[in-house]
Amino acid sequence: MAERDGLGSLRDCRFAANQTVFRRSNERLSQHLGALAPGAVQYVCECGDDSCADLVSLLTSEYEHVRSNSTRFLIALDHEILPGDSERVLETREHHHVVEKSGAAGATAKSTDIRQSRAVALDG
């Protein structure tokens, strides 16, 4: 059973790593369009499917709410959520979920968060 758990943790970390790629794209969108677009901005779904190209429309303030925690991601409705306890839905809105990672997947999300890296660089 431990071997299966180990494989599950590897899968969860890979899934979280995929999600951080989409989150980095959204960070760039937020930085460049957030101040310019008073209305909604089209953000990339941050699900773990590396072929996903779905867009989710959010106000910049709504995206900032999602990003207020390194372990939270924006995903379109009906997109894959990790089975088990490594990801849970915190909020459901009209067109998206806010999910939160935990365990190994949460650690991967935290360690790859560019906002965390910036904060550490400013403190150091």
# chains A, B, ... in the order shown; residues from 1 in each chain; ligands from 1
call {"tool": "residues_around", "arguments": {"residues": "Ser102 in chain A", "least_positions_apart": "5", "cutoff": "9 Å", "atoms": "only C-alpha atoms", "output": "list in words"}}
result
Thr71, Asp85, Ser86, Glu87, Arg88, Ala107 and Ala109 of chain A
call {"tool": "write_last_selection", "arguments": {"atoms": "N, CA and C atoms", "output": "PDB file, in the first residue's frame"}}
result
ATOM      1  N   THR A  71      -1.369  27.892  -2.068  1.00  0.00           N
ATOM      2  CA  THR A  71      -1.878  26.544  -2.352  1.00  0.00           C
ATOM      3  C   THR A  71      -3.222  26.556  -3.068  1.00  0.00           C
ATOM      4  N   ASP A  85      -7.220  13.252  -0.840  1.00  0.00           N
ATOM      5  CA  ASP A  85      -7.203  14.431   0.023  1.00  0.00           C
ATOM      6  C   ASP A  85      -6.132  15.456  -0.339  1.00  0.00           C
ATOM      7  N   SER A  86      -5.573  15.383  -1.536  1.00  0.00           N
ATOM      8  CA  SER A  86      -4.521  16.333  -1.909  1.00  0.00           C
ATOM      9  C   SER A  86      -5.073  17.606  -2.546  1.00  0.00           C
ATOM     10  N   GLU A  87      -6.362  17.617  -2.874  1.00  0.00           N
ATOM     11  CA  GLU A  87      -6.977  18.807  -3.451  1.00  0.00           C
ATOM     12  C   GLU A  87      -8.439  18.830  -3.061  1.00  0.00           C
ATOM     13  N   ARG A  88      -8.908  20.003  -2.629  1.00  0.00           N
ATOM     14  CA  ARG A  88     -10.331  20.112  -2.286  1.00  0.00           C
ATOM     15  C   ARG A  88     -10.882  21.428  -2.807  1.00  0.00           C
ATOM     16  N   ALA A 107       2.852  21.353  -0.885  1.00  0.00           N
ATOM     17  CA  ALA A 107       4.263  21.745  -0.752  1.00  0.00           C
ATOM     18  C   ALA A 107       4.843  22.147  -2.105  1.00  0.00           C
ATOM     19  N   ALA A 109       3.107  23.345  -4.639  1.00  0.00           N
ATOM     20  CA  ALA A 109       2.485  24.625  -4.981  1.00  0.00           C
ATOM     21  C   ALA A 109       3.193  25.779  -4.270  1.00  0.00           C
TER      22      ALA A 109
END
call {"tool": "closest_residue", "arguments": {"among": "A:Val89, A:Ala76, A:Leu58, A:Cys47", "to": "Phe22 in chain A", "atoms": "only C-alpha atoms"}}
result
A:Cys47
call {"tool": "atom_distance", "arguments": {"atom1": "CA of Ser30 in chain A", "atom2": "CA of Arg14 in chain A"}}
result
24.5 Å
call {"tool": "atom_distance", "arguments": {"atom1": "CA of Cys45 in chain A", "atom2": "CA of Ser70 in chain A"}}
result
15.9 Å
call {"tool": "residues_around", "arguments": {"residues": "Ser61 in chain A", "least_positions_apart": "3", "cutoff": "10 Å", "atoms": "only C-alpha atoms", "output": "list in words"}}
result
Ser30, Gly34, Ala40, Leu58, Glu64, His65, Val66 and Arg67 of chain A
call {"tool": "residues_around", "arguments": {"residues": "His95 in chain A", "least_positions_apart": "3", "cutoff": "10 Å", "atoms": "only C-alpha atoms", "output": "MDAnalysis selection string"}}
result
chainID A and resid 55:58 75:78 92
call {"tool": "closest_residue", "arguments": {"among": "A:Val41, A:Ile81, A:Val99, A:Ala104", "to": "Leu59 in chain A", "atoms": "only C-alpha atoms"}}
result
A:Val41
call {"tool": "residues_around", "arguments": {"residues": "Leu29 in chain A", "least_positions_apart": "5", "cutoff": "10 Å", "atoms": "only C-alpha atoms", "output": "MDAnalysis selection string"}}
result
chainID A and resid 23:24 34 41:44 60
call {"tool": "decode", "arguments": {"residues": "range 46-96 of chain A", "atoms": "C-alpha atoms", "output": "PDB file, in the first residue's frame"}}
result
ATOM      1  CA  GLU A  46      -5.126  26.341 -13.690  1.00  0.00           C
ATOM      2  CA  CYS A  47      -6.190  22.691 -13.700  1.00  0.00           C
ATOM      3  CA  GLY A  48      -3.524  20.004 -13.882  1.00  0.00           C
ATOM      4  CA  ASP A  49      -4.318  18.978 -17.469  1.00  0.00           C
ATOM      5  CA  ASP A  50      -1.312  20.245 -19.412  1.00  0.00           C
ATOM      6  CA  SER A  51      -3.356  20.396 -22.639  1.00  0.00           C
ATOM      7  CA  CYS A  52      -6.128  22.576 -21.153  1.00  0.00           C
ATOM      8  CA  ALA A  53      -6.603  25.958 -22.818  1.00  0.00           C
ATOM      9  CA  ASP A  54      -9.918  26.987 -21.257  1.00  0.00           C
ATOM     10  CA  LEU A  55     -10.354  30.555 -20.095  1.00  0.00           C
ATOM     11  CA  VAL A  56     -12.151  31.820 -17.013  1.00  0.00           C
ATOM     12  CA  SER A  57     -13.372  35.392 -16.810  1.00  0.00           C
ATOM     13  CA  LEU A  58     -12.608  37.138 -13.494  1.00  0.00           C
ATOM     14  CA  LEU A  59     -12.144  40.607 -12.138  1.00  0.00           C
ATOM     15  CA  THR A  60      -8.563  41.276 -11.071  1.00  0.00           C
ATOM     16  CA  SER A  61      -9.725  41.509  -7.453  1.00  0.00           C
ATOM     17  CA  GLU A  62     -11.306  38.043  -7.744  1.00  0.00           C
ATOM     18  CA  TYR A  63      -8.064  36.600  -9.096  1.00  0.00           C
ATOM     19  CA  GLU A  64      -6.131  38.283  -6.288  1.00  0.00           C
ATOM     20  CA  HIS A  65      -8.480  36.588  -3.816  1.00  0.00           C
ATOM     21  CA  VAL A  66      -7.525  33.188  -5.290  1.00  0.00           C
ATOM     22  CA  ARG A  67      -3.822  34.089  -5.216  1.00  0.00           C
ATOM     23  CA  SER A  68      -3.932  35.242  -1.601  1.00  0.00           C
ATOM     24  CA  ASN A  69      -2.755  31.734  -0.705  1.00  0.00           C
ATOM     25  CA  SER A  70       0.023  29.813  -2.490  1.00  0.00           C
ATOM     26  CA  THR A  71      -1.878  26.544  -2.352  1.00  0.00           C
ATOM     27  CA  ARG A  72      -4.999  27.832  -4.130  1.00  0.00           C
ATOM     28  CA  PHE A  73      -5.761  27.542  -7.819  1.00  0.00           C
ATOM     29  CA  LEU A  74      -8.463  28.696 -10.218  1.00  0.00           C
ATOM     30  CA  ILE A  75     -10.021  25.925 -12.321  1.00  0.00           C
ATOM     31  CA  ALA A  76     -12.926  25.892 -14.736  1.00  0.00           C
ATOM     32  CA  LEU A  77     -16.056  24.027 -13.716  1.00  0.00           C
ATOM     33  CA  ASP A  78     -16.058  20.316 -14.524  1.00  0.00           C
ATOM     34  CA  HIS A  79     -12.278  20.142 -14.785  1.00  0.00           C
ATOM     35  CA  GLU A  80     -10.407  17.351 -13.109  1.00  0.00           C
ATOM     36  CA  ILE A  81      -9.928  17.602  -9.386  1.00  0.00           C
ATOM     37  CA  LEU A  82      -7.392  15.273  -7.819  1.00  0.00           C
ATOM     38  CA  PRO A  83      -8.949  12.306  -6.063  1.00  0.00           C
ATOM     39  CA  GLY A  84      -8.224  11.741  -2.397  1.00  0.00           C
ATOM     40  CA  ASP A  85      -7.203  14.431   0.023  1.00  0.00           C
ATOM     41  CA  SER A  86      -4.521  16.333  -1.909  1.00  0.00           C
ATOM     42  CA  GLU A  87      -6.977  18.807  -3.451  1.00  0.00           C
ATOM     43  CA  ARG A  88     -10.331  20.112  -2.286  1.00  0.00           C
ATOM     44  CA  VAL A  89     -12.839  22.624  -3.588  1.00  0.00           C
ATOM     45  CA  LEU A  90     -12.972  25.710  -1.361  1.00  0.00           C
ATOM     46  CA  GLU A  91     -15.369  27.784  -3.446  1.00  0.00           C
ATOM     47  CA  THR A  92     -17.634  27.223  -6.411  1.00  0.00           C
ATOM     48  CA  ARG A  93     -18.629  30.196  -8.547  1.00  0.00           C
ATOM     49  CA  GLU A  94     -20.688  30.451 -11.718  1.00  0.00           C
ATOM     50  CA  HIS A  95     -17.804  29.508 -14.050  1.00  0.00           C
ATOM     51  CA  HIS A  96     -14.985  28.252 -11.835  1.00  0.00           C
TER      52      HIS A  96
END
